[in-house]
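With compact mmCIF, C-alpha atoms inside, this is entry07.txt:
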```
# COMPACT_ATOMS: atom_id res chain seq x y z
CA MET X 294 -30.62 40.38 44.06
CA SER X 295 -32.76 38.71 41.46
CA HIS X 296 -31.38 36.03 39.23
CA SER X 297 -33.15 34.86 36.18
CA PRO X 298 -32.31 32.10 33.73
CA THR X 299 -31.62 34.77 31.08
CA GLN X 300 -28.90 36.19 33.25
CA ASP X 301 -27.28 32.77 33.54
CA THR X 302 -27.43 32.39 29.78
CA LEU X 303 -25.85 35.79 29.25
CA VAL X 304 -23.02 35.02 31.67
CA GLY X 305 -22.50 31.70 29.89
CA LEU X 306 -22.43 33.43 26.53
CA PHE X 307 -19.98 36.02 27.83
CA VAL X 308 -17.56 33.44 29.19
CA ALA X 309 -17.84 31.39 25.99
CA ALA X 310 -17.18 34.47 23.86
CA GLY X 311 -14.15 35.40 25.96
CA ILE X 312 -12.69 31.92 25.70
CA ALA X 313 -13.42 31.87 21.98
CA GLY X 314 -11.53 35.15 21.65
CA LEU X 315 -8.50 33.71 23.44
CA PHE X 316 -8.63 30.58 21.30
CA PHE X 317 -8.85 32.72 18.20
CA LEU X 318 -5.72 34.57 19.26
CA ALA X 319 -3.91 31.35 20.02
CA PHE X 320 -4.73 29.45 16.85
CA GLN X 321 -5.49 32.02 14.18
CA ALA X 322 -3.17 34.88 15.13
CA SER X 323 -0.11 33.12 16.53
CA ASN X 324 2.31 30.38 15.70
CA LEU X 325 0.78 27.92 18.14
CA SER X 326 -0.42 25.63 15.34
CA ALA X 327 3.18 25.48 14.10
CA TYR X 328 4.33 24.49 17.58
CA ALA X 329 2.83 21.00 17.37
CA GLU X 330 6.08 19.72 18.89
CA HIS X 331 7.85 17.77 16.19
CA ASP X 332 10.57 15.47 17.37
CA THR X 333 13.89 17.17 16.92
CA TYR X 334 17.57 16.38 17.18
CA THR X 335 20.36 18.76 18.08
CA LEU X 336 23.35 19.73 15.95
CA THR X 337 26.06 22.23 16.81
CA ALA X 338 28.31 24.24 14.57
CA ARG X 339 31.25 26.56 15.27
CA PHE X 340 31.39 29.81 13.41
CA GLU X 341 34.22 32.31 13.33
CA ASN X 342 31.54 34.99 13.53
CA SER X 343 27.82 34.40 13.89
CA GLY X 344 26.91 38.01 13.07
CA GLY X 345 23.35 38.97 13.86
CA LEU X 346 22.11 35.42 14.33
CA LYS X 347 19.68 35.09 17.24
CA VAL X 348 18.06 32.35 19.26
CA LYS X 349 14.96 31.20 17.32
CA SER X 350 16.48 32.21 13.99
CA PRO X 351 15.41 29.70 11.34
CA VAL X 352 17.58 26.88 10.02
CA SER X 353 16.83 26.03 6.45
CA ALA X 354 18.01 23.77 3.67
CA ALA X 355 17.36 24.58 0.02
CA GLY X 356 15.06 27.41 1.15
CA VAL X 357 12.82 25.20 3.30
CA LYS X 358 12.69 25.78 7.06
CA ILE X 359 13.77 22.61 8.84
CA GLY X 360 14.58 23.80 12.36
CA GLN X 361 15.66 26.67 14.55
CA VAL X 362 18.63 27.97 16.51
CA ILE X 363 18.24 27.22 20.23
CA ALA X 364 21.45 28.57 21.76
CA ILE X 365 24.42 30.73 20.79
CA SER X 366 27.44 30.92 23.04
CA PHE X 367 31.00 32.18 22.89
CA ASP X 368 33.82 29.72 23.39
CA PRO X 369 36.56 31.59 25.32
CA LYS X 370 39.24 29.05 24.35
CA THR X 371 38.92 29.07 20.59
CA TYR X 372 37.21 32.47 20.34
CA ASP X 373 34.49 30.89 18.22
CA SER X 374 30.76 31.27 18.33
CA VAL X 375 29.04 27.96 19.12
CA VAL X 376 25.56 27.67 17.62
CA ALA X 377 23.25 24.86 18.70
CA MET X 378 20.18 24.12 16.61
CA HIS X 379 17.17 21.85 16.71
CA ILE X 380 16.48 20.08 13.44
CA ASP X 381 13.18 18.37 12.71
CA SER X 382 13.78 14.63 12.96
CA HIS X 383 12.08 14.03 9.60
CA TYR X 384 15.19 15.48 8.07
CA ASN X 385 17.79 13.12 9.53
CA THR X 386 19.78 12.36 6.42
CA PHE X 387 22.42 15.08 6.47
CA PRO X 388 25.89 13.65 5.79
CA ASP X 389 28.79 14.59 8.08
CA ASP X 390 30.36 16.87 5.47
CA THR X 391 27.34 19.17 5.45
CA THR X 392 28.21 22.86 5.22
CA ALA X 393 26.52 25.29 7.59
CA SER X 394 26.57 28.92 6.50
CA ILE X 395 24.95 32.05 7.84
CA PHE X 396 23.02 33.94 5.20
CA THR X 397 20.88 37.03 5.24
CA ALA X 398 17.34 36.99 3.87
CA GLY X 399 17.34 39.89 1.44
CA LEU X 400 19.65 42.86 1.84
CA LEU X 401 18.47 43.91 5.30
CA GLY X 402 16.47 40.86 6.35
CA GLU X 403 17.06 38.55 9.28
CA GLN X 404 19.92 36.10 9.34
CA TYR X 405 19.47 32.36 9.17
CA VAL X 406 21.56 29.19 9.07
CA ASN X 407 21.62 27.39 5.77
CA LEU X 408 22.60 23.72 5.61
CA GLU X 409 23.98 22.31 2.39
CA ALA X 410 24.46 18.57 2.18
CA GLY X 411 27.78 17.12 1.06
CA GLY X 412 28.48 13.71 -0.42
CA SER X 413 29.70 11.64 2.53
CA GLU X 414 28.19 8.28 3.44
CA THR X 415 28.14 8.88 7.22
CA ILE X 416 24.99 10.55 8.52
CA LEU X 417 24.91 13.24 11.22
CA LYS X 418 23.22 12.10 14.43
CA ASP X 419 21.91 13.82 17.56
CA GLN X 420 24.57 15.97 19.35
CA ASP X 421 26.94 15.80 16.37
CA LYS X 422 29.05 18.71 15.22
CA ILE X 423 29.00 20.22 11.77
CA GLU X 424 32.66 20.67 10.84
CA ILE X 425 32.49 22.82 7.73
CA THR X 426 31.08 26.27 8.39
CA GLN X 427 31.01 29.62 6.71
CA SER X 428 30.68 32.75 8.82
CA ALA X 429 28.16 35.49 8.49
CA ILE X 430 29.02 38.12 5.93
CA ILE X 431 29.53 41.38 7.78
CA LEU X 432 28.46 44.11 5.41
CA GLU X 433 30.84 46.74 6.79
CA LYS X 434 33.79 44.37 6.39
CA ALA X 435 32.81 43.52 2.83
CA ILE X 436 32.46 47.17 1.89
CA GLY X 437 35.79 47.94 3.53
CA GLN X 438 37.53 45.19 1.57
CA PHE X 439 35.92 46.35 -1.65
CA LEU X 440 37.09 49.95 -1.15
CA PHE X 441 40.58 48.77 -0.24
CA LYS X 442 40.75 46.67 -3.38
CA ALA X 443 39.48 49.50 -5.56
CA ALA X 444 42.16 51.80 -4.14
CA GLU X 445 44.88 49.16 -4.82
CA GLU X 446 43.86 48.80 -8.45
CA LYS X 447 44.06 52.53 -9.08
CA LYS X 448 47.74 52.71 -8.13
CA MET W 797 5.50 77.49 58.63
CA ILE W 798 5.10 75.00 61.47
CA GLU W 799 1.48 74.55 60.51
CA GLN W 800 2.38 73.76 56.91
CA LEU W 801 4.94 71.22 58.07
CA GLN W 802 2.34 69.64 60.29
CA LEU W 803 -0.09 69.51 57.38
CA LEU W 804 2.50 67.89 55.13
CA GLY W 805 3.36 65.36 57.80
CA ASN W 806 -0.27 64.60 58.38
CA GLN W 807 -0.94 64.07 54.69
CA THR W 808 2.05 61.77 54.30
CA ARG W 809 0.97 59.77 57.31
CA GLY W 810 -2.57 59.70 55.91
CA SER W 811 -1.51 58.28 52.57
CA PHE W 812 0.64 55.60 54.21
CA ALA W 813 -2.24 54.73 56.51
CA LYS W 814 -4.48 54.37 53.44
CA LEU W 815 -1.94 52.10 51.75
CA GLY W 816 -1.85 50.02 54.91
CA ARG W 817 -5.65 49.78 55.07
CA GLY W 818 -5.68 48.88 51.39
CA THR W 819 -3.20 46.06 51.89
CA ARG W 820 -5.09 44.69 54.87
CA PHE W 821 -8.31 44.90 52.87
CA LEU W 822 -6.65 42.97 50.02
CA LEU W 823 -5.46 40.23 52.38
CA GLN W 824 -8.92 39.91 53.92
CA THR W 825 -10.46 39.73 50.45
CA LEU W 826 -8.01 37.06 49.31
CA SER W 827 -8.73 34.95 52.37
CA GLY W 828 -12.45 35.48 51.78
CA ILE W 829 -12.30 34.07 48.24
CA GLY W 830 -12.49 30.52 49.55
CA SER W 831 -16.00 31.17 50.84
CA VAL W 832 -17.24 32.11 47.35
CA ILE W 833 -16.70 28.64 45.95
CA PRO W 834 -19.62 26.96 47.78
CA ARG W 835 -21.88 29.83 46.62
CA PRO W 836 -21.34 30.12 42.85
CA ARG W 837 -24.59 32.06 42.50
CA LEU W 838 -22.94 35.15 44.06
CA LEU W 839 -20.08 34.94 41.59
CA LEU W 840 -22.44 34.47 38.66
CA ASN W 841 -24.40 37.60 39.54
CA GLN W 842 -21.20 39.62 39.69
CA LEU W 843 -19.84 38.15 36.47
CA TYR W 844 -23.03 39.41 34.90
CA SER W 845 -22.69 42.98 36.14
CA VAL W 846 -18.92 43.20 35.69
CA GLY W 847 -18.45 41.13 32.55
CA VAL W 848 -21.62 40.90 30.50
CA LEU W 849 -22.46 44.58 30.92
CA SER W 850 -18.92 45.55 29.82
CA PHE W 851 -19.14 43.27 26.79
CA LEU W 852 -20.61 45.82 24.40
CA ILE W 853 -18.24 48.69 25.14
CA ILE W 854 -15.23 46.37 24.91
CA THR W 855 -16.20 44.78 21.61
CA ILE W 856 -17.13 48.06 19.94
CA SER W 857 -13.98 49.82 21.16
CA GLY W 858 -11.88 46.85 20.09
CA LEU W 859 -13.38 46.94 16.61
CA PHE W 860 -12.66 50.62 16.17
CA VAL W 861 -9.17 50.50 17.67
CA GLY W 862 -8.29 47.67 15.27
CA MET W 863 -9.73 49.57 12.31
CA VAL W 864 -7.84 52.76 13.15
CA LEU W 865 -4.58 50.86 13.71
CA SER W 866 -4.99 49.24 10.33
CA LEU W 867 -5.71 52.55 8.61
CA GLN W 868 -2.83 54.43 10.23
CA GLY W 869 -0.41 51.54 9.90
CA TYR W 870 -1.20 51.25 6.22
CA TYR W 871 -0.20 54.84 5.46
CA THR W 872 3.19 54.44 7.13
CA LEU W 873 3.89 50.92 5.90
CA SER W 874 2.91 51.62 2.29
CA ASP W 875 5.66 54.26 2.12
CA PHE W 876 8.15 51.44 2.47
CA GLY W 877 6.20 48.99 0.36
CA ALA W 878 5.63 46.85 3.44
CA GLU W 879 1.81 46.72 3.45
CA ALA W 880 2.06 42.94 3.77
CA SER W 881 3.22 43.41 7.37
CA LEU W 882 0.01 45.23 8.26
CA GLY W 883 -1.49 42.20 9.99
CA LEU W 884 1.66 41.69 12.03
CA MET W 885 1.68 45.33 13.12
CA VAL W 886 -1.98 45.36 14.09
CA ALA W 887 -1.75 42.05 15.96
CA THR W 888 1.46 42.89 17.81
CA SER W 889 0.20 46.23 19.07
CA LEU W 890 -3.15 44.74 20.07
CA VAL W 891 -1.97 41.55 21.74
CA ARG W 892 1.00 43.06 23.56
CA GLU W 893 -0.22 46.50 24.58
CA LEU W 894 -3.52 47.90 23.46
CA GLY W 895 -5.66 44.87 24.22
CA PRO W 896 -4.75 44.59 27.91
CA VAL W 897 -4.26 48.32 28.55
CA VAL W 898 -7.24 49.85 26.75
CA SER W 899 -9.63 47.18 27.94
CA ALA W 900 -8.37 47.70 31.52
CA LEU W 901 -8.96 51.44 31.24
CA LEU W 902 -12.46 50.86 29.85
CA PHE W 903 -13.06 48.26 32.52
CA ALA W 904 -12.06 50.73 35.24
CA GLY W 905 -14.42 53.32 33.79
CA ARG W 906 -17.32 50.98 33.15
CA ALA W 907 -17.17 48.36 35.90
CA GLY W 908 -14.75 49.84 38.47
CA SER W 909 -16.69 53.05 38.99
CA ALA W 910 -19.92 51.08 39.33
CA LEU W 911 -18.35 48.82 41.96
CA THR W 912 -17.09 51.78 43.99
CA ALA W 913 -20.44 53.57 43.84
CA GLU W 914 -22.33 50.42 44.79
CA ILE W 915 -20.16 49.57 47.78
CA GLY W 916 -19.84 53.21 48.85
CA LEU W 917 -23.62 53.51 48.88
CA MET W 918 -23.96 50.25 50.80
CA LYS W 919 -21.61 51.74 53.36
CA ALA W 920 -23.40 55.12 53.41
CA THR W 921 -26.77 53.46 53.97
CA GLU W 922 -25.21 51.24 56.63
CA GLN W 923 -25.99 48.02 54.86
CA LEU W 924 -22.46 46.77 55.54
CA SER W 925 -22.77 47.42 59.29
CA GLY W 926 -26.20 45.78 59.15
CA MET W 927 -24.65 42.66 57.70
CA GLU W 928 -22.04 42.61 60.43
CA MET W 929 -24.84 42.87 62.99
CA MET W 930 -26.35 39.73 61.53
CA ALA W 931 -22.95 38.02 61.73
CA VAL W 932 -22.55 37.99 57.96
CA ASP W 933 -19.04 38.97 56.95
CA PRO W 934 -19.45 41.67 54.25
CA ILE W 935 -15.96 40.86 52.93
CA GLN W 936 -16.97 37.27 52.21
CA ARG W 937 -20.47 38.03 51.06
CA ILE W 938 -20.04 41.30 49.11
CA ILE W 939 -16.38 41.99 48.37
CA ALA W 940 -14.86 38.59 47.58
CA PRO W 941 -17.34 37.59 44.82
CA ARG W 942 -16.88 40.96 43.12
CA PHE W 943 -13.12 40.65 43.32
CA LEU W 944 -13.13 37.17 41.85
CA ALA W 945 -15.52 38.26 39.09
CA GLY W 946 -13.21 41.13 38.11
CA LEU W 947 -10.24 38.79 38.08
CA ILE W 948 -12.03 36.33 35.78
CA ALA W 949 -13.69 38.89 33.52
CA MET W 950 -10.62 41.00 32.73
CA PRO W 951 -8.54 38.48 30.72
CA LEU W 952 -11.66 37.38 28.85
CA LEU W 953 -12.49 40.97 27.96
CA ALA W 954 -8.90 41.70 26.90
CA GLY W 955 -8.83 38.58 24.73
CA LEU W 956 -12.10 39.62 23.10
CA PHE W 957 -10.77 43.13 22.57
CA SER W 958 -7.66 41.87 20.77
CA ALA W 959 -9.51 39.27 18.71
CA ILE W 960 -12.16 41.73 17.55
CA GLY W 961 -9.48 44.35 16.90
CA ILE W 962 -7.56 41.96 14.65
CA LEU W 963 -10.75 41.18 12.75
CA GLY W 964 -11.54 44.90 12.46
CA GLY W 965 -8.03 45.52 11.16
CA GLN W 966 -8.51 42.80 8.58
CA LEU W 967 -11.86 44.31 7.58
CA VAL W 968 -10.28 47.68 6.85
CA GLY W 969 -7.00 46.29 5.55
CA SER W 970 -8.26 43.85 2.98
CA GLY W 971 -11.73 45.30 2.47
CA LEU W 972 -10.97 48.98 2.17
CA LEU W 973 -7.25 49.33 1.48
CA GLY W 974 -6.71 46.26 -0.66
CA VAL W 975 -4.01 44.52 1.38
CA ASP W 976 -3.70 40.87 0.47
CA ASP W 977 -5.77 38.74 2.82
CA GLY W 978 -3.32 35.85 2.89
CA ALA W 979 -0.36 38.10 3.68
CA TYR W 980 -2.31 39.72 6.53
CA TRP W 981 -2.73 36.38 8.31
CA ALA W 982 0.50 34.71 7.20
CA GLN W 983 2.80 37.47 8.48
CA MET W 984 0.87 37.50 11.75
CA GLN W 985 1.09 33.75 12.24
CA ALA W 986 4.78 33.70 11.37
CA LYS W 987 5.88 36.34 13.85
CA ILE W 988 3.40 36.38 16.76
CA ASP W 989 4.74 33.97 19.31
CA PHE W 990 2.25 32.13 21.50
CA GLN W 991 4.39 32.23 24.62
CA ASP W 992 6.06 35.60 24.23
CA ASP W 993 3.14 37.61 22.95
CA ILE W 994 -0.18 35.99 23.79
CA VAL W 995 0.60 34.44 27.16
CA ASN W 996 2.36 37.63 28.28
CA GLY W 997 -0.66 39.67 27.15
CA ILE W 998 -2.93 37.45 29.24
CA ILE W 999 -0.63 37.80 32.26
CA LYS W 1000 -0.79 41.56 31.82
CA SER W 1001 -4.57 41.60 31.70
CA ILE W 1002 -4.87 39.40 34.81
CA THR W 1003 -2.56 41.82 36.65
CA PHE W 1004 -4.62 44.79 35.51
CA GLY W 1005 -7.86 43.06 36.49
CA PHE W 1006 -6.42 42.36 39.93
CA VAL W 1007 -5.30 45.96 40.46
CA THR W 1008 -8.35 47.77 39.06
CA THR W 1009 -10.82 45.59 40.95
CA TRP W 1010 -8.82 45.95 44.15
CA ILE W 1011 -8.73 49.75 43.81
CA ALA W 1012 -12.44 49.97 42.96
CA LEU W 1013 -13.54 47.77 45.86
CA PHE W 1014 -11.22 49.39 48.38
CA GLU W 1015 -12.19 52.95 47.43
CA GLY W 1016 -15.83 52.01 47.90
CA TYR W 1017 -15.16 50.23 51.18
CA ASP W 1018 -13.00 53.09 52.46
CA ALA W 1019 -15.25 55.92 51.21
CA THR W 1020 -16.51 58.62 53.55
CA PRO W 1021 -20.14 57.52 54.02
CA THR W 1022 -21.76 60.62 52.53
CA ALA W 1023 -23.03 61.47 49.07
CA GLU W 1024 -19.97 63.62 48.44
CA GLY W 1025 -17.62 60.99 49.82
CA VAL W 1026 -19.01 58.36 47.44
CA SER W 1027 -18.69 60.68 44.47
CA ARG W 1028 -15.06 61.46 45.38
CA ALA W 1029 -14.29 57.79 45.86
CA THR W 1030 -15.69 57.03 42.40
CA THR W 1031 -13.48 59.69 40.83
CA ARG W 1032 -10.45 58.37 42.70
CA THR W 1033 -11.16 54.85 41.46
CA VAL W 1034 -11.02 55.88 37.81
CA VAL W 1035 -7.97 58.14 38.24
CA ASN W 1036 -5.97 55.74 40.38
CA SER W 1037 -6.83 52.75 38.20
CA ALA W 1038 -5.67 54.59 35.11
CA PHE W 1039 -2.40 55.56 36.78
CA SER W 1040 -1.72 52.09 38.11
CA VAL W 1041 -2.57 50.37 34.84
CA LEU W 1042 -0.31 52.62 32.77
CA GLY W 1043 2.53 52.53 35.31
CA LEU W 1044 2.32 48.76 35.73
CA ASP W 1045 2.18 48.33 31.97
CA PHE W 1046 5.54 50.04 31.64
CA ILE W 1047 7.09 47.81 34.31
CA LEU W 1048 5.56 44.63 32.89
CA THR W 1049 6.63 45.50 29.35
CA ALA W 1050 10.18 46.17 30.52
CA LEU W 1051 10.23 42.81 32.31
CA MET W 1052 8.59 40.72 29.59
CA PHE W 1053 9.89 42.12 26.34
CA GLY W 1054 13.23 43.33 27.68
CA ASP W 1055 15.82 41.61 25.53
CA ASP W 1056 14.68 39.89 22.42
```
Could you quickly redo this structure as structure tokens?
Amino acid sequence: MSHSPTQDTLVGLFVAAGIAGLFFLAFQASNLSAYAEHDTYTLTARFENSGGLKVKSPVSAAGVKIGQVIAISFDPKTYDSVVAMHIDSHYNTFPDDTTASIFTAGLLGEQYVNLEAGGSETILKDQDKIEITQSAIILEKAIGQFLFKAAEEKK
Amino acid sequence: MIEQLQLLGNQTRGSFAKLGRGTRFLLQTLSGIGSVIPRPRLLLNQLYSVGVLSFLIITISGLFVGMVLSLQGYYTLSDFGAEASLGLMVATSLVRELGPVVSALLFAGRAGSALTAEIGLMKATEQLSGMEMMAVDPIQRIIAPRFLAGLIAMPLLAGLFSAIGILGGQLVGSGLLGVDDGAYWAQMQAKIDFQDDIVNGIIKSITFGFVTTWIALFEGYDATPTAEGVSRATTRTVVNSAFSVLGLDFILTALMFGDD
């Protein structure tokens, strides 16, 4: 089999193009650039009902994404949903009376955790618990309550 | 009746025997890979014929697949006013499924059939036995470099396919249909996960490369050494590769993207 320098060049070009394609996918088409491992700290919150919240759902404050949900588990003793989240360590000034609520982005959008700071002097640290929480709004429940109320008023 | 039963039994036994030969062939090839490393020239030659010569068909197909996806996706998405998600749709379908699968099918047609024909002819013209006579192991010298080349080329080709497809989708989406350029990329970057989507796509393409190259080389090596035998082996390579790629894709998808 003959081998010429052109063939080497073509193989080199091919491999370079393939690797460039993979790099393109990694950096231009995916969230890899957002990965850039920020330091994070963990907070947990107990919700009566965490609705459609999922692992990797965003955690935001005032509309800005500041972290993500890393685990959701059911506590068989208190029948609560325990949600653990990673918060970017830049944002380490949440007081211990912060409210965590589960909201829905738009009418049918994905659910996310919203943190709203309170006025306390003590700051939440790694592994701390958020005490004040507000459950997800379950649309069926809300509609049911509304209909019930409407029927009451008619009487 | 008895004769038919005998025939059935014989065919079943035959296909199991072939599977057994195939597995033994694979093990021999894998143990022969070590001997390729001191002779990179062999690998380079095969990377040329398996990879560089498939480059054109992969890039052009990728471009058109991306463009069609963008066009079709636009019509459906615009009904719901969700044209902004076009980039996400194109990229998800390409990176997860179409990139690895279509490039593997093209690879089997373009490179796999050539491998089978080449090795089948070598066998028919007794070049392989000639090598054995000279105490050169044809598995180490002929099969292993081709196998390794297929294994390396496949993920590169699939990556190229997806990347070019995404660019082609953007070309049609923002050039022809007027989808916002920023939304095309932003939605994609927000939702395509590096680990879940891209790495899994690469794992898929490596698996497909492994299987298609194995089938192509084995069919050639196992071919009846006649002109007709080689032509049948080439057909079997393309058919069996297509079956295995599509079947494996279902299994891999079920494993990787199961619950999310």
Would you mind listing what lies within 9 Å of Val891 of chain W as a ChimeraX atom specification, with only C-alpha atoms counted and same-chain residues fewer than 5 positions away left out?
/X:318 /W:886,896,954-955,957-959,988,993-994,996-998
Shell of 10 Å around Ser831 of chain W, only C-alpha atoms, local chain residues under 5 positions omitted, as JSON, numbers by chain:
{"W": [836, 935, 936, 937, 940, 941]}
To one decimal place, how far is atom CA of Gly862 of chain W from atom CA of Gln991 of chain W in Å?
22.1 Å
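What separates atom CA of Leu963 of chain W from atom CA of Val308 of chain X is a distance of 19.4 Å.
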Produce a table with one row for each residue of chain X that has an atom at most 10 Å from any atom of chain W, each row naming the nearest atom pair and its distance in Å at one decimal; use all atoms listed in the file; arrange rows by chain and rising residue number; format as CSV.
```
residue,atom,partner,partner_atom,distance
X:Met294,CA,W:Asn841,CA,8.2
X:Ser295,CA,W:Asn841,CA,8.6
X:His296,CA,W:Asn841,CA,7.2
X:Ser297,CA,W:Asn841,CA,9.8
X:Gln300,CA,W:Tyr844,CA,6.9
X:Asp301,CA,W:Leu840,CA,7.2
X:Thr302,CA,W:Tyr844,CA,9.7
X:Leu303,CA,W:Val848,CA,6.8
X:Val304,CA,W:Tyr844,CA,5.5
X:Gly305,CA,W:Leu840,CA,9.2
X:Leu306,CA,W:Val848,CA,8.5
X:Phe307,CA,W:Val848,CA,5.8
X:Val308,CA,W:Leu952,CA,7.1
X:Ala309,CA,W:Leu952,CA,9.1
X:Ala310,CA,W:Leu956,CA,7.3
X:Gly311,CA,W:Leu952,CA,4.3
X:Ile312,CA,W:Leu952,CA,6.4
X:Ala313,CA,W:Leu956,CA,7.9
X:Gly314,CA,W:Leu956,CA,4.7
X:Leu315,CA,W:Gly955,CA,5.0
X:Phe316,CA,W:Gly955,CA,8.7
X:Phe317,CA,W:Ala959,CA,6.6
X:Leu318,CA,W:Ala959,CA,6.1
X:Ala319,CA,W:Phe990,CA,6.4
X:Phe320,CA,W:Gln985,CA,8.6
X:Gln321,CA,W:Gln985,CA,7.1
X:Ala322,CA,W:Gln985,CA,5.3
X:Ser323,CA,W:Gln985,CA,4.5
X:Asn324,CA,W:Gln985,CA,5.0
X:Leu325,CA,W:Phe990,CA,5.6
X:Ser326,CA,W:Gln985,CA,8.8
X:Ala327,CA,W:Gln985,CA,8.7
X:Tyr328,CA,W:Phe990,CA,8.8
X:Lys347,CA,W:Asp1056,CA,8.7
X:Val348,CA,W:Asp1056,CA,8.8
```
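Note that the spacing between atom CA of Leu947 of chain W and atom CA of Arg1028 of chain W amounts to 24.3 Å.
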Could you name the residues that touch segment 822-830 of chain W at 12 Å or less, counting all atoms listed in the file, but leaving out those on the same chain fewer than 3 positions away, as a PyMOL selection string?
chain W and resi 815-819+833-836+838-839+933-945+947+1006-1007+1009-1015+1017
Restricting it to C-alpha atoms, dump the selection as a CSV table (one decimal), in the frame of the given file.
```
chain,number,residue,atom,x,y,z
W,815,LEU,CA,-1.9,52.1,51.8
W,816,GLY,CA,-1.8,50.0,54.9
W,817,ARG,CA,-5.6,49.8,55.1
W,818,GLY,CA,-5.7,48.9,51.4
W,819,THR,CA,-3.2,46.1,51.9
W,833,ILE,CA,-16.7,28.6,46.0
W,834,PRO,CA,-19.6,27.0,47.8
W,835,ARG,CA,-21.9,29.8,46.6
W,836,PRO,CA,-21.3,30.1,42.8
W,838,LEU,CA,-22.9,35.2,44.1
W,839,LEU,CA,-20.1,34.9,41.6
W,933,ASP,CA,-19.0,39.0,57.0
W,934,PRO,CA,-19.4,41.7,54.2
W,935,ILE,CA,-16.0,40.9,52.9
W,936,GLN,CA,-17.0,37.3,52.2
W,937,ARG,CA,-20.5,38.0,51.1
W,938,ILE,CA,-20.0,41.3,49.1
W,939,ILE,CA,-16.4,42.0,48.4
W,940,ALA,CA,-14.9,38.6,47.6
W,941,PRO,CA,-17.3,37.6,44.8
W,942,ARG,CA,-16.9,41.0,43.1
W,943,PHE,CA,-13.1,40.6,43.3
W,944,LEU,CA,-13.1,37.2,41.8
W,945,ALA,CA,-15.5,38.3,39.1
W,947,LEU,CA,-10.2,38.8,38.1
W,1006,PHE,CA,-6.4,42.4,39.9
W,1007,VAL,CA,-5.3,46.0,40.5
W,1009,THR,CA,-10.8,45.6,41.0
W,1010,TRP,CA,-8.8,46.0,44.2
W,1011,ILE,CA,-8.7,49.8,43.8
W,1012,ALA,CA,-12.4,50.0,43.0
W,1013,LEU,CA,-13.5,47.8,45.9
W,1014,PHE,CA,-11.2,49.4,48.4
W,1015,GLU,CA,-12.2,53.0,47.4
W,1017,TYR,CA,-15.2,50.2,51.2
```
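Here the question is which of W:Thr1030, W:Gln807, W:Thr1020, W:Thr1003 gets nearest to Gly1043 of chain W using all atoms listed in the file, and that residue is W:Thr1003.
Taking only C-alpha atoms into account, Ile853 of chain W lies nearest to W:Arg906 out of the set W:Arg906, W:Val1041, W:Lys919, W:Asp976.
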Nearby residues, (-8.9, 46.9, 28.5) file frame, 9 Å, all atoms listed in the file, as a PDB file with C-alpha atoms, in the frame of the given file:
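File result-v3.pdb, as written:
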```
ATOM      1  CA  ILE W 854     -15.230  46.370  24.910  1.00  0.00           C
ATOM      2  CA  GLY W 858     -11.880  46.850  20.090  1.00  0.00           C
ATOM      3  CA  LEU W 894      -3.520  47.900  23.460  1.00  0.00           C
ATOM      4  CA  GLY W 895      -5.660  44.870  24.220  1.00  0.00           C
ATOM      5  CA  PRO W 896      -4.750  44.590  27.910  1.00  0.00           C
ATOM      6  CA  VAL W 897      -4.260  48.320  28.550  1.00  0.00           C
ATOM      7  CA  VAL W 898      -7.240  49.850  26.750  1.00  0.00           C
ATOM      8  CA  SER W 899      -9.630  47.180  27.940  1.00  0.00           C
ATOM      9  CA  ALA W 900      -8.370  47.700  31.520  1.00  0.00           C
ATOM     10  CA  LEU W 901      -8.960  51.440  31.240  1.00  0.00           C
ATOM     11  CA  LEU W 902     -12.460  50.860  29.850  1.00  0.00           C
ATOM     12  CA  PHE W 903     -13.060  48.260  32.520  1.00  0.00           C
ATOM     13  CA  ALA W 904     -12.060  50.730  35.240  1.00  0.00           C
ATOM     14  CA  MET W 950     -10.620  41.000  32.730  1.00  0.00           C
ATOM     15  CA  PRO W 951      -8.540  38.480  30.720  1.00  0.00           C
ATOM     16  CA  LEU W 953     -12.490  40.970  27.960  1.00  0.00           C
ATOM     17  CA  ALA W 954      -8.900  41.700  26.900  1.00  0.00           C
ATOM     18  CA  PHE W 957     -10.770  43.130  22.570  1.00  0.00           C
ATOM     19  CA  SER W1001      -4.570  41.600  31.700  1.00  0.00           C
ATOM     20  CA  PHE W1004      -4.620  44.790  35.510  1.00  0.00           C
ATOM     21  CA  GLY W1005      -7.860  43.060  36.490  1.00  0.00           C
TER      22      GLY W1005
END
```
Neighbouring residues of segment 404-418 of chain X were defined as those with any atom within 7 Å, considering only C-alpha atoms; residues of the same chain fewer than 2 positions away were excluded. Please report them as a list of chain:residue names.
X:Gly345, X:Leu346, X:Ser350, X:Pro351, X:Val352, X:Ser353, X:Ala354, X:Thr386, X:Phe387, X:Pro388, X:Asp389, X:Asp390, X:Thr391, X:Thr392, X:Ala393, X:Ser394, X:Ile395, X:Phe396, X:Thr397, X:Ala398, X:Gly402, X:Gln420, X:Asp421
Long-range neighbours of segment 367-384 of chain X as a list in words, 7 Å cut-off, only C-alpha atoms, 3 positions minimum in chain
His331, Asp332, Thr333, Tyr334, Thr335, Leu336, Thr337, Ala338, Arg339, Phe340, Glu341, Asn342, Ser343, Ile359, Gly360, Gln361, Val362, Ile363 and Ala364 of chain X
Show me, as AutoDock Vina command-line options, the centre and edge lengths in Å to one decimal of the axis-aligned box that covers every listed atom of segment 362-381 of chain X with 4 Å on each side.
```
--center_x 26.2 --center_y 25.4 --center_z 19.0 --size_x 34.1 --size_y 22.1 --size_z 20.6
```
